Amino acid sequence: MKDKSDIMEIIQQLEYHIADDFEAQDLDFKQWNYSALEENINKMIKYTVCMANGGGGSVVFGVADRMRGVDNVLKGVPFDIDIKELQKKIYENTDPHIMPLFQEIFYNDHTIRLLVMNVLPGVPPYAMIDGSATIRQGKECLPYKID
């Protein structure tokens with residue numbers, strides 16, 4: 001998992017690199033969809049399962065992919081998104097239940113809010129309540145067959 005200082009170091013490098021350059025087994029970046037809250041929650045559930053099955057890791061929400069320049073890359077997450085509510089939705093929709101930890105990073109004089117979702121390593125297999133599961137392999141979440 002990455003802490004705030006690790007993420008801030010990476011953010012500084014996004015002036016000349018794309019976020020994908022820094023993605024790894026334990027780190028991913030996702031842009032927030034401002035017009036579809038439910039889509040964002042479903043993405044969080046999927047990535048929680050993926051990271052938990054892959055040994056844990058961090059997902060930073062509010063970062064655009066395939067773009068350079070900090071001002072272009074940092075799209076942020078709405079300030080009214082309630083972290084406790086996100087944790088509750090993820091917990092309720094994972095089996096066995098997973099409770100990710102969230103950290104906020106504020107950038108540009110607190111005008112941009114990023115959410116870092118940290119998923120602790122556990123004892124797989126984990127799945128979404130519909131029974132589907134993914135596992136982190138390198139930079140990807142791949143289907144994970146649970147017997």
# chains A, B, ... in the order shown; residues from 1 in each chain; ligands from 1

$ residues_around --residues "A:Ala19" --least-positions-apart "6" --cutoff "9 Å" --atoms "only C-alpha atoms" --output "PDB file with N, CA and C atoms, in the first residue's frame"
ATOM      1  N   ILE A  10       4.357  10.864  -6.515  1.00  0.00           N
ATOM      2  CA  ILE A  10       3.917  10.473  -7.859  1.00  0.00           C
ATOM      3  C   ILE A  10       3.186  11.633  -8.533  1.00  0.00           C
ATOM      4  N   ILE A  11       2.316  12.315  -7.791  1.00  0.00           N
ATOM      5  CA  ILE A  11       1.561  13.437  -8.353  1.00  0.00           C
ATOM      6  C   ILE A  11       2.510  14.485  -8.927  1.00  0.00           C
ATOM      7  N   GLN A  13       5.240  14.051 -10.295  1.00  0.00           N
ATOM      8  CA  GLN A  13       5.837  13.550 -11.534  1.00  0.00           C
ATOM      9  C   GLN A  13       4.829  13.495 -12.692  1.00  0.00           C
ATOM     10  N   ASP A  28      -3.164   1.575  -8.392  1.00  0.00           N
ATOM     11  CA  ASP A  28      -3.929   1.907  -9.593  1.00  0.00           C
ATOM     12  C   ASP A  28      -4.487   3.318  -9.431  1.00  0.00           C
ATOM     13  N   PHE A  29      -4.774   3.964 -10.555  1.00  0.00           N
ATOM     14  CA  PHE A  29      -5.375   5.298 -10.584  1.00  0.00           C
ATOM     15  C   PHE A  29      -6.663   5.224 -11.375  1.00  0.00           C
ATOM     16  N   VAL A  63      -8.002  10.793 -10.599  1.00  0.00           N
ATOM     17  CA  VAL A  63      -6.843  11.011 -11.463  1.00  0.00           C
ATOM     18  C   VAL A  63      -7.157  10.513 -12.868  1.00  0.00           C
ATOM     19  N   ALA A  64      -7.010  11.399 -13.850  1.00  0.00           N
ATOM     20  CA  ALA A  64      -7.255  11.027 -15.242  1.00  0.00           C
ATOM     21  C   ALA A  64      -6.084  10.200 -15.776  1.00  0.00           C
ATOM     22  N   ASP A  65      -6.405   9.270 -16.635  1.00  0.00           N
ATOM     23  CA  ASP A  65      -5.393   8.405 -17.224  1.00  0.00           C
ATOM     24  C   ASP A  65      -4.981   8.954 -18.587  1.00  0.00           C
ATOM     25  N   ARG A  66      -3.817   8.589 -19.011  1.00  0.00           N
ATOM     26  CA  ARG A  66      -3.293   8.913 -20.348  1.00  0.00           C
ATOM     27  C   ARG A  66      -3.164  10.412 -20.627  1.00  0.00           C
ATOM     28  N   MET A  67      -2.964  11.184 -19.591  1.00  0.00           N
ATOM     29  CA  MET A  67      -2.771  12.628 -19.751  1.00  0.00           C
ATOM     30  C   MET A  67      -1.538  13.049 -18.958  1.00  0.00           C
ATOM     31  N   ARG A  68      -0.918  14.127 -19.416  1.00  0.00           N
ATOM     32  CA  ARG A  68       0.229  14.712 -18.714  1.00  0.00           C
ATOM     33  C   ARG A  68      -0.148  16.109 -18.243  1.00  0.00           C
ATOM     34  N   VAL A  73      -4.419  16.287 -15.212  1.00  0.00           N
ATOM     35  CA  VAL A  73      -4.540  14.934 -14.667  1.00  0.00           C
ATOM     36  C   VAL A  73      -5.417  14.880 -13.422  1.00  0.00           C
TER      37      VAL A  73
END

$ residues_around --residues "stretch 52-61 of chain A" --least-positions-apart "6" --cutoff "9 Å" --atoms "only C-alpha atoms" --output "count of residues only"
38

$ closest_residue --among "A:Gln103, A:Ser35, A:Thr48, A:Thr111" --to "A:Phe79" --atoms "only C-alpha atoms"
A:Thr111

$ select_by_dssp --residues "stretch 36-98 of chain A" --states "helix (DSSP H, G or I)" --output "ChimeraX atom specification"
/A:37-53,70-73,83-92

$ write_last_selection --atoms "C-alpha atoms" --output "PDB file, in the first residue's frame"
ATOM      1  CA  LEU A  37     -22.149   7.955  -8.439  1.00  0.00           C
ATOM      2  CA  GLU A  38     -23.303   4.330  -8.603  1.00  0.00           C
ATOM      3  CA  GLU A  39     -20.728   3.587 -11.313  1.00  0.00           C
ATOM      4  CA  ASN A  40     -17.979   4.921  -9.038  1.00  0.00           C
ATOM      5  CA  ILE A  41     -19.179   2.801  -6.117  1.00  0.00           C
ATOM      6  CA  ASN A  42     -19.299  -0.313  -8.302  1.00  0.00           C
ATOM      7  CA  LYS A  43     -15.769   0.444  -9.501  1.00  0.00           C
ATOM      8  CA  MET A  44     -14.628   0.755  -5.882  1.00  0.00           C
ATOM      9  CA  ILE A  45     -16.213  -2.597  -4.988  1.00  0.00           C
ATOM     10  CA  LYS A  46     -14.560  -4.276  -7.985  1.00  0.00           C
ATOM     11  CA  TYR A  47     -11.135  -2.825  -7.187  1.00  0.00           C
ATOM     12  CA  THR A  48     -11.452  -3.670  -3.484  1.00  0.00           C
ATOM     13  CA  VAL A  49     -11.990  -7.340  -4.392  1.00  0.00           C
ATOM     14  CA  CYS A  50      -9.246  -7.237  -7.025  1.00  0.00           C
ATOM     15  CA  MET A  51      -6.660  -5.741  -4.665  1.00  0.00           C
ATOM     16  CA  ALA A  52      -7.653  -7.965  -1.725  1.00  0.00           C
ATOM     17  CA  ASN A  53      -7.250 -11.095  -3.868  1.00  0.00           C
ATOM     18  CA  VAL A  70      -0.859  18.037 -13.141  1.00  0.00           C
ATOM     19  CA  ASP A  71      -3.620  20.517 -14.002  1.00  0.00           C
ATOM     20  CA  ASN A  72      -4.962  18.133 -16.677  1.00  0.00           C
ATOM     21  CA  VAL A  73      -4.540  14.934 -14.667  1.00  0.00           C
ATOM     22  CA  ILE A  83     -16.148   8.148   3.077  1.00  0.00           C
ATOM     23  CA  LYS A  84     -18.150   6.291   5.751  1.00  0.00           C
ATOM     24  CA  GLU A  85     -20.932   5.693   3.227  1.00  0.00           C
ATOM     25  CA  LEU A  86     -18.427   4.365   0.674  1.00  0.00           C
ATOM     26  CA  GLN A  87     -16.976   1.994   3.276  1.00  0.00           C
ATOM     27  CA  LYS A  88     -20.467   0.771   4.171  1.00  0.00           C
ATOM     28  CA  LYS A  89     -21.397   0.084   0.526  1.00  0.00           C
ATOM     29  CA  ILE A  90     -18.139  -1.774  -0.123  1.00  0.00           C
ATOM     30  CA  TYR A  91     -18.486  -3.799   3.091  1.00  0.00           C
ATOM     31  CA  GLU A  92     -22.074  -4.773   2.254  1.00  0.00           C
TER      32      GLU A  92
END

$ closest_residue --among "A:Gly131, A:Gly69, A:Gly138, A:Pro143" --to "A:Pro96" --atoms "only C-alpha atoms"
A:Gly131

$ atom_distance --atom1 "atom CA of A:Gln12" --atom2 "atom CA of A:Ala36"
28.4 Å

$ select_by_dssp --residues "stretch 75-106 of chain A" --states "strand (DSSP E or B)" --output "NGL selection string"
:A and (94-95 or 101-106)

$ decode --residues "stretch 90-105 of chain A" --atoms "C-alpha atoms" --output "PDB file, in the first residue's frame"
ATOM      1  CA  ILE A  90     -18.139  -1.774  -0.123  1.00  0.00           C
ATOM      2  CA  TYR A  91     -18.486  -3.799   3.091  1.00  0.00           C
ATOM      3  CA  GLU A  92     -22.074  -4.773   2.254  1.00  0.00           C
ATOM      4  CA  ASN A  93     -21.184  -5.813  -1.307  1.00  0.00           C
ATOM      5  CA  THR A  94     -18.130  -7.996  -0.678  1.00  0.00           C
ATOM      6  CA  ASP A  95     -17.957 -11.597   0.487  1.00  0.00           C
ATOM      7  CA  PRO A  96     -16.308 -12.083   2.872  1.00  0.00           C
ATOM      8  CA  HIS A  97     -16.728  -8.476   3.902  1.00  0.00           C
ATOM      9  CA  ILE A  98     -13.872  -6.072   3.238  1.00  0.00           C
ATOM     10  CA  MET A  99     -13.510  -2.662   4.875  1.00  0.00           C
ATOM     11  CA  PRO A 100     -11.038  -0.529   2.908  1.00  0.00           C
ATOM     12  CA  LEU A 101      -9.355   2.438   4.536  1.00  0.00           C
ATOM     13  CA  PHE A 102      -9.573   5.830   2.851  1.00  0.00           C
ATOM     14  CA  GLN A 103      -7.245   8.788   2.950  1.00  0.00           C
ATOM     15  CA  GLU A 104      -7.956  12.191   1.478  1.00  0.00           C
ATOM     16  CA  ILE A 105      -5.355  14.213  -0.368  1.00  0.00           C
TER      17      ILE A 105
END
